[in-house]
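Undergrad: Just passing along the structure, written as structure tokens.
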Amino acid sequence: MDAVAARLGDRVTRWITINEPAEITLLGHAIGEHAPGHRLLFDALPVAHHQLLAHGRAVEVLRAANPDHEIGIAASHTPVWTAGDGDDDRAAADLYDTLMNRLFADPILTGRYPDGFAEAMPAAPGGSVADDLKVISAPLDFYGVNYYNPTLVGAPRPGGRQDPYAGVELPPDLPFTLHDIEGYPLTA
């Protein structure tokens with residue numbers, strides 16, 4: 001990042017450290033839809049932590065090189081709608097909301113992981129997750145939100161059956177199901 005800041009700092013004054021870390025973690029490492037194509041499911045959570053730590057370290061480097069520049073991150077977020085009224089549906093929707101929204105926003109904006117997630121994160125060598133969170137939550141000039149659509153989430157189906165969602169084949173062992181939202185116009 002030092003080289004990028006030195007080379008482009010005279011022309012670039014607004015920096016996004018990472019674009020859509022949820023997609024990199026969840027689509028690339030958890031379900032294998034995007035590069036690098038891993039299907040690690042919840043074992044992909046350390047990828048989120050390492051991206052967030054890289055973001056925080058990039059903020060430090062960019063601020064040191066050009067203190068008057070604006071620095072932020074662009075995260076994708078989705079409103080999560082519950083598919084049913086049952087406790088299982090609400091729990092599944094809450095977990096999906098945590099994975100897609102809070103797992104990335106909370107550490108950056110509050111300096112904490114959602115309950116139960118800090119334990120899954122590997123600290124940087126010689127440090128602790130608490131130390132990493134201080135770096136991750138460095139003050140920003142903006143927080144970009146990429147918004148595409150709400151997501152309808154329900155409890156897992158018996159036998160773990162998943163329907164394709166937005167053209168993506170989902171693993172059968174997810175602890176939630178994603179459902180098409182009917183009654184709203186769609187784009188291609």
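We label chains A, B, ... in the order they appear in the structure tokens, count residues from 1 in each chain, and number ligands from 1 in the order shown.
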Please provide as a PyMOL selection string all residues within 12 Å of His69 (chain A), with the sequence filter that same-chain residues fewer than 5 positions apart are discarded (counting only C-alpha atoms).
TA: chain A and resi 5+8-16+59-64+140-142
Undergrad: Using backbone DSSP assignments, extract all strand (DSSP E) residues from region 58-185 of chain A; output them as a VMD selection string.
TA: chain A and resid 70 to 77 80 to 82 142 to 147 151 to 154 177 to 179
Undergrad: Restrict the selected residues to N, CA, C and O atoms and save them as a CSV table (one decimal), in the first residue's frame.
TA:
```
chain,number,residue,atom,x,y,z
A,70,GLU,N,-9.5,11.4,1.7
A,70,GLU,CA,-10.6,10.7,2.3
A,70,GLU,C,-10.5,9.2,2.1
A,70,GLU,O,-10.2,8.8,1.0
A,71,ILE,N,-10.7,8.5,3.1
A,71,ILE,CA,-10.5,7.0,3.1
A,71,ILE,C,-11.7,6.3,3.7
A,71,ILE,O,-12.3,6.8,4.7
A,72,GLY,N,-12.1,5.3,3.0
A,72,GLY,CA,-13.3,4.5,3.5
A,72,GLY,C,-13.2,3.1,2.9
A,72,GLY,O,-12.2,2.6,2.4
A,73,ILE,N,-14.3,2.4,3.0
A,73,ILE,CA,-14.5,1.1,2.5
A,73,ILE,C,-15.9,1.0,1.9
A,73,ILE,O,-16.8,1.9,2.2
A,74,ALA,N,-16.1,0.1,0.9
A,74,ALA,CA,-17.4,-0.1,0.3
A,74,ALA,C,-17.9,-1.5,0.6
A,74,ALA,O,-17.3,-2.5,0.2
A,75,ALA,N,-19.0,-1.6,1.4
A,75,ALA,CA,-19.5,-2.9,1.8
A,75,ALA,C,-20.9,-3.1,1.2
A,75,ALA,O,-21.6,-2.1,1.0
A,76,SER,N,-21.2,-4.3,0.8
A,76,SER,CA,-22.6,-4.6,0.3
A,76,SER,C,-23.4,-5.0,1.5
A,76,SER,O,-23.0,-5.7,2.4
A,77,HIS,N,-24.6,-4.5,1.5
A,77,HIS,CA,-25.5,-4.8,2.6
A,77,HIS,C,-26.9,-5.1,2.0
A,77,HIS,O,-27.3,-4.5,1.0
A,80,VAL,N,-32.7,-7.9,5.4
A,80,VAL,CA,-33.0,-9.4,5.5
A,80,VAL,C,-34.5,-9.5,6.0
A,80,VAL,O,-34.8,-9.0,7.0
A,81,TRP,N,-35.3,-10.1,5.1
A,81,TRP,CA,-36.7,-10.3,5.5
A,81,TRP,C,-36.8,-11.8,5.9
A,81,TRP,O,-36.3,-12.7,5.3
A,82,THR,N,-37.6,-12.0,6.9
A,82,THR,CA,-37.9,-13.4,7.4
A,82,THR,C,-39.0,-14.0,6.6
A,82,THR,O,-40.0,-13.5,6.4
A,142,PHE,N,-15.7,8.0,5.2
A,142,PHE,CA,-16.9,7.5,4.6
A,142,PHE,C,-17.1,6.0,4.7
A,142,PHE,O,-16.0,5.3,4.8
A,143,TYR,N,-18.3,5.6,4.7
A,143,TYR,CA,-18.6,4.1,4.7
A,143,TYR,C,-19.5,3.9,3.5
A,143,TYR,O,-20.7,4.3,3.5
A,144,GLY,N,-19.0,3.4,2.4
A,144,GLY,CA,-19.8,3.2,1.2
A,144,GLY,C,-20.7,1.9,1.4
A,144,GLY,O,-20.3,0.9,1.9
A,145,VAL,N,-21.9,2.0,0.9
A,145,VAL,CA,-22.9,0.9,0.9
A,145,VAL,C,-23.3,0.6,-0.5
A,145,VAL,O,-23.8,1.5,-1.2
A,146,ASN,N,-23.0,-0.6,-0.9
A,146,ASN,CA,-23.5,-1.1,-2.2
A,146,ASN,C,-24.8,-1.9,-1.9
A,146,ASN,O,-24.8,-2.9,-1.2
A,147,TYR,N,-25.9,-1.4,-2.4
A,147,TYR,CA,-27.2,-2.0,-2.1
A,147,TYR,C,-27.8,-2.5,-3.4
A,147,TYR,O,-27.9,-1.8,-4.4
A,151,THR,N,-33.2,-9.6,0.9
A,151,THR,CA,-33.1,-11.1,0.9
A,151,THR,C,-34.1,-11.7,1.8
A,151,THR,O,-34.2,-11.3,3.0
A,152,LEU,N,-34.8,-12.6,1.3
A,152,LEU,CA,-35.8,-13.4,2.0
A,152,LEU,C,-35.2,-14.7,2.5
A,152,LEU,O,-34.7,-15.5,1.7
A,153,VAL,N,-35.2,-14.9,3.8
A,153,VAL,CA,-34.4,-16.0,4.4
A,153,VAL,C,-35.3,-16.8,5.4
A,153,VAL,O,-36.1,-16.2,6.1
A,154,GLY,N,-35.2,-18.1,5.2
A,154,GLY,CA,-36.0,-19.0,6.1
A,154,GLY,C,-35.1,-20.1,6.7
A,154,GLY,O,-33.9,-20.2,6.4
A,177,THR,N,-32.2,-21.0,4.4
A,177,THR,CA,-32.6,-21.1,2.9
A,177,THR,C,-32.8,-19.7,2.4
A,177,THR,O,-33.4,-18.8,3.2
A,178,LEU,N,-32.5,-19.4,1.2
A,178,LEU,CA,-32.8,-18.2,0.5
A,178,LEU,C,-33.9,-18.4,-0.4
A,178,LEU,O,-34.0,-19.4,-1.2
A,179,HIS,N,-34.9,-17.4,-0.4
A,179,HIS,CA,-36.1,-17.6,-1.2
A,179,HIS,C,-36.2,-16.4,-2.2
A,179,HIS,O,-35.9,-15.3,-1.8
```
Undergrad: Would you compute the distance between CA of Phe104 (chain A) and CA of Leu52 (chain A)? Give it in Å to one decimal.
TA: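 These two atoms are separated by 7.5 Å.
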Undergrad: Could you check the closest approach to Leu45 (chain A) for each of A:Met121, A:Val129, A:Ile18, A:Ala83 and tell me which residue wins, using only C-alpha atoms?
TA: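 For Leu45 (chain A), the nearest of the candidates is A:Met121.
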Undergrad: Please provide as a list in words all residues within 8 Å of Arg57 (chain A), with the sequence filter that same-chain residues fewer than 4 positions apart are discarded (counting only C-alpha atoms).
TA: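 My list of contacting residues is Leu53, Val61, Val135 and Ile136 of chain A.
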Undergrad: What separation in Å, quoted to one decimal, exists between CA of Arg157 (chain A) and CA of Ala92 (chain A)?
TA: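 Straight-line distance from CA of Arg157 (chain A) to CA of Ala92 (chain A) works out to 11.2 Å.
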Undergrad: Taking only C-alpha atoms into account, which of A:Asp115, A:Glu33, A:Asp2, A:Asp132 comes nearest Pro171 (chain A)?
TA: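 Selected residue with least distance to Pro171 (chain A): A:Glu33.
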Undergrad: When you look at Gly159 (chain A) with a cut-off of 10 Å (counting only C-alpha atoms), what residues show up, excluding the ones that are within fewer than 3 positions of it in the same chain? I need them as an mmCIF file with N, CA, C and O atoms, in the first residue's frame.
TA:
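Saved to around-v9.cif:
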```
data_model
loop_
_atom_site.group_PDB
_atom_site.id
_atom_site.type_symbol
_atom_site.label_atom_id
_atom_site.label_comp_id
_atom_site.auth_asym_id
_atom_site.auth_seq_id
_atom_site.Cartn_x
_atom_site.Cartn_y
_atom_site.Cartn_z
ATOM 1 N N PRO A 156 -33.705 -23.840 7.472
ATOM 2 C CA PRO A 156 -33.310 -24.901 6.550
ATOM 3 C C PRO A 156 -34.483 -25.851 6.290
ATOM 4 O O PRO A 156 -35.324 -26.058 7.171
ATOM 5 N N GLN A 162 -31.617 -27.113 -1.005
ATOM 6 C CA GLN A 162 -31.520 -25.694 -1.338
ATOM 7 C C GLN A 162 -31.936 -25.514 -2.791
ATOM 8 O O GLN A 162 -31.507 -26.272 -3.662
ATOM 9 N N PRO A 172 -26.013 -27.705 0.332
ATOM 10 C CA PRO A 172 -27.200 -28.198 1.044
ATOM 11 C C PRO A 172 -27.113 -28.057 2.558
ATOM 12 O O PRO A 172 -28.134 -28.097 3.227
ATOM 13 N N ASP A 173 -25.933 -27.875 3.105
ATOM 14 C CA ASP A 173 -25.808 -27.888 4.559
ATOM 15 C C ASP A 173 -25.770 -26.491 5.181
ATOM 16 O O ASP A 173 -25.298 -26.323 6.299
#
```
Undergrad: State, in Å with one decimal place, the distance from CA of Ala124 (chain A) to CA of Ala54 (chain A).
TA: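 Atom-to-atom, CA of Ala124 (chain A) to CA of Ala54 (chain A), that is 10.5 Å.
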Undergrad: Which residue gives the smallest distance to Ala44 (chain A) among A:Arg112, A:Arg7, A:Arg90, A:His29, with only C-alpha atoms counted?
TA: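 Checking each candidate against Ala44 (chain A), we get A:His29 as the closest.
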Undergrad: Between A:Ala22, A:Ala130, A:Leu41, A:Val168, which has the minimum distance to Thr98 (chain A) (counting only C-alpha atoms)?
TA: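 Ranked by minimum distance to Thr98 (chain A), first place goes to A:Ala22.
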Undergrad: Nearest residue to Tyr113 (chain A) out of A:Asp87, A:Asp180, A:Leu99, A:Pro67, using only C-alpha atoms?
TA: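 Among the listed residues, the smallest separation from Tyr113 (chain A) belongs to A:Leu99.
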Undergrad: Report the residues of region 9-79 of chain A whose backbone DSSP state falls under alpha helix (DSSP H), written as an NGL selection string.
TA: :A and (21-22 or 45-65)
Undergrad: For the selection you just gave me, I'd like the residues written to a file as a short mmCIF file (atom, residue, chain, number, x, y, z; two decimals), in the first residue's frame, keeping N, CA and C atoms.
TA:
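Here's the written file result-v4.cif:
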```cif
data_model
loop_
_atom_site.label_atom_id
_atom_site.label_comp_id
_atom_site.auth_asym_id
_atom_site.auth_seq_id
_atom_site.Cartn_x
_atom_site.Cartn_y
_atom_site.Cartn_z
N PRO A 21 -16.25 -6.82 0.92
CA PRO A 21 -15.58 -7.95 1.59
C PRO A 21 -16.51 -9.14 1.85
N ALA A 22 -17.81 -8.91 1.98
CA ALA A 22 -18.73 -10.04 2.20
C ALA A 22 -18.72 -10.98 0.99
N LEU A 45 -14.64 -17.93 7.78
CA LEU A 45 -14.70 -16.72 8.62
C LEU A 45 -13.35 -16.04 8.81
N PRO A 46 -12.24 -16.75 8.94
CA PRO A 46 -10.96 -16.05 9.05
C PRO A 46 -10.65 -15.15 7.85
N VAL A 47 -11.20 -15.47 6.70
CA VAL A 47 -10.99 -14.61 5.52
C VAL A 47 -11.58 -13.23 5.79
N ALA A 48 -12.74 -13.18 6.43
CA ALA A 48 -13.34 -11.89 6.78
C ALA A 48 -12.40 -11.09 7.68
N HIS A 49 -11.86 -11.76 8.70
CA HIS A 49 -10.99 -11.06 9.63
C HIS A 49 -9.73 -10.54 8.94
N HIS A 50 -9.13 -11.36 8.10
CA HIS A 50 -7.90 -10.91 7.42
C HIS A 50 -8.18 -9.75 6.47
N GLN A 51 -9.32 -9.78 5.79
CA GLN A 51 -9.68 -8.64 4.93
C GLN A 51 -9.88 -7.37 5.75
N LEU A 52 -10.59 -7.51 6.86
CA LEU A 52 -10.84 -6.34 7.69
C LEU A 52 -9.55 -5.80 8.29
N LEU A 53 -8.66 -6.68 8.67
CA LEU A 53 -7.37 -6.24 9.18
C LEU A 53 -6.56 -5.56 8.07
N ALA A 54 -6.59 -6.11 6.87
CA ALA A 54 -5.91 -5.46 5.73
C ALA A 54 -6.50 -4.08 5.47
N HIS A 55 -7.82 -3.97 5.58
CA HIS A 55 -8.46 -2.65 5.44
C HIS A 55 -7.91 -1.68 6.48
N GLY A 56 -7.88 -2.10 7.74
CA GLY A 56 -7.39 -1.21 8.80
C GLY A 56 -5.95 -0.81 8.59
N ARG A 57 -5.13 -1.72 8.16
CA ARG A 57 -3.72 -1.39 7.91
C ARG A 57 -3.58 -0.48 6.69
N ALA A 58 -4.43 -0.66 5.69
CA ALA A 58 -4.42 0.24 4.54
C ALA A 58 -4.81 1.65 4.96
N VAL A 59 -5.79 1.76 5.86
CA VAL A 59 -6.17 3.09 6.37
C VAL A 59 -4.96 3.75 7.03
N GLU A 60 -4.23 3.00 7.85
CA GLU A 60 -3.05 3.56 8.53
C GLU A 60 -2.03 4.08 7.52
N VAL A 61 -1.73 3.28 6.51
CA VAL A 61 -0.71 3.65 5.51
C VAL A 61 -1.17 4.85 4.70
N LEU A 62 -2.42 4.84 4.25
CA LEU A 62 -2.93 5.96 3.44
C LEU A 62 -2.98 7.25 4.25
N ARG A 63 -3.39 7.17 5.51
CA ARG A 63 -3.42 8.39 6.36
C ARG A 63 -2.01 8.94 6.57
N ALA A 64 -1.04 8.05 6.78
CA ALA A 64 0.33 8.50 7.00
C ALA A 64 0.88 9.17 5.74
N ALA A 65 0.55 8.64 4.58
CA ALA A 65 1.08 9.18 3.32
C ALA A 65 0.39 10.48 2.91
#
```
Undergrad: With distances taken over only C-alpha atoms, which of A:Met1, A:Ala123, A:Pro164, A:Ala155 is nearest to Gly86 (chain A)?
TA: A:Ala155
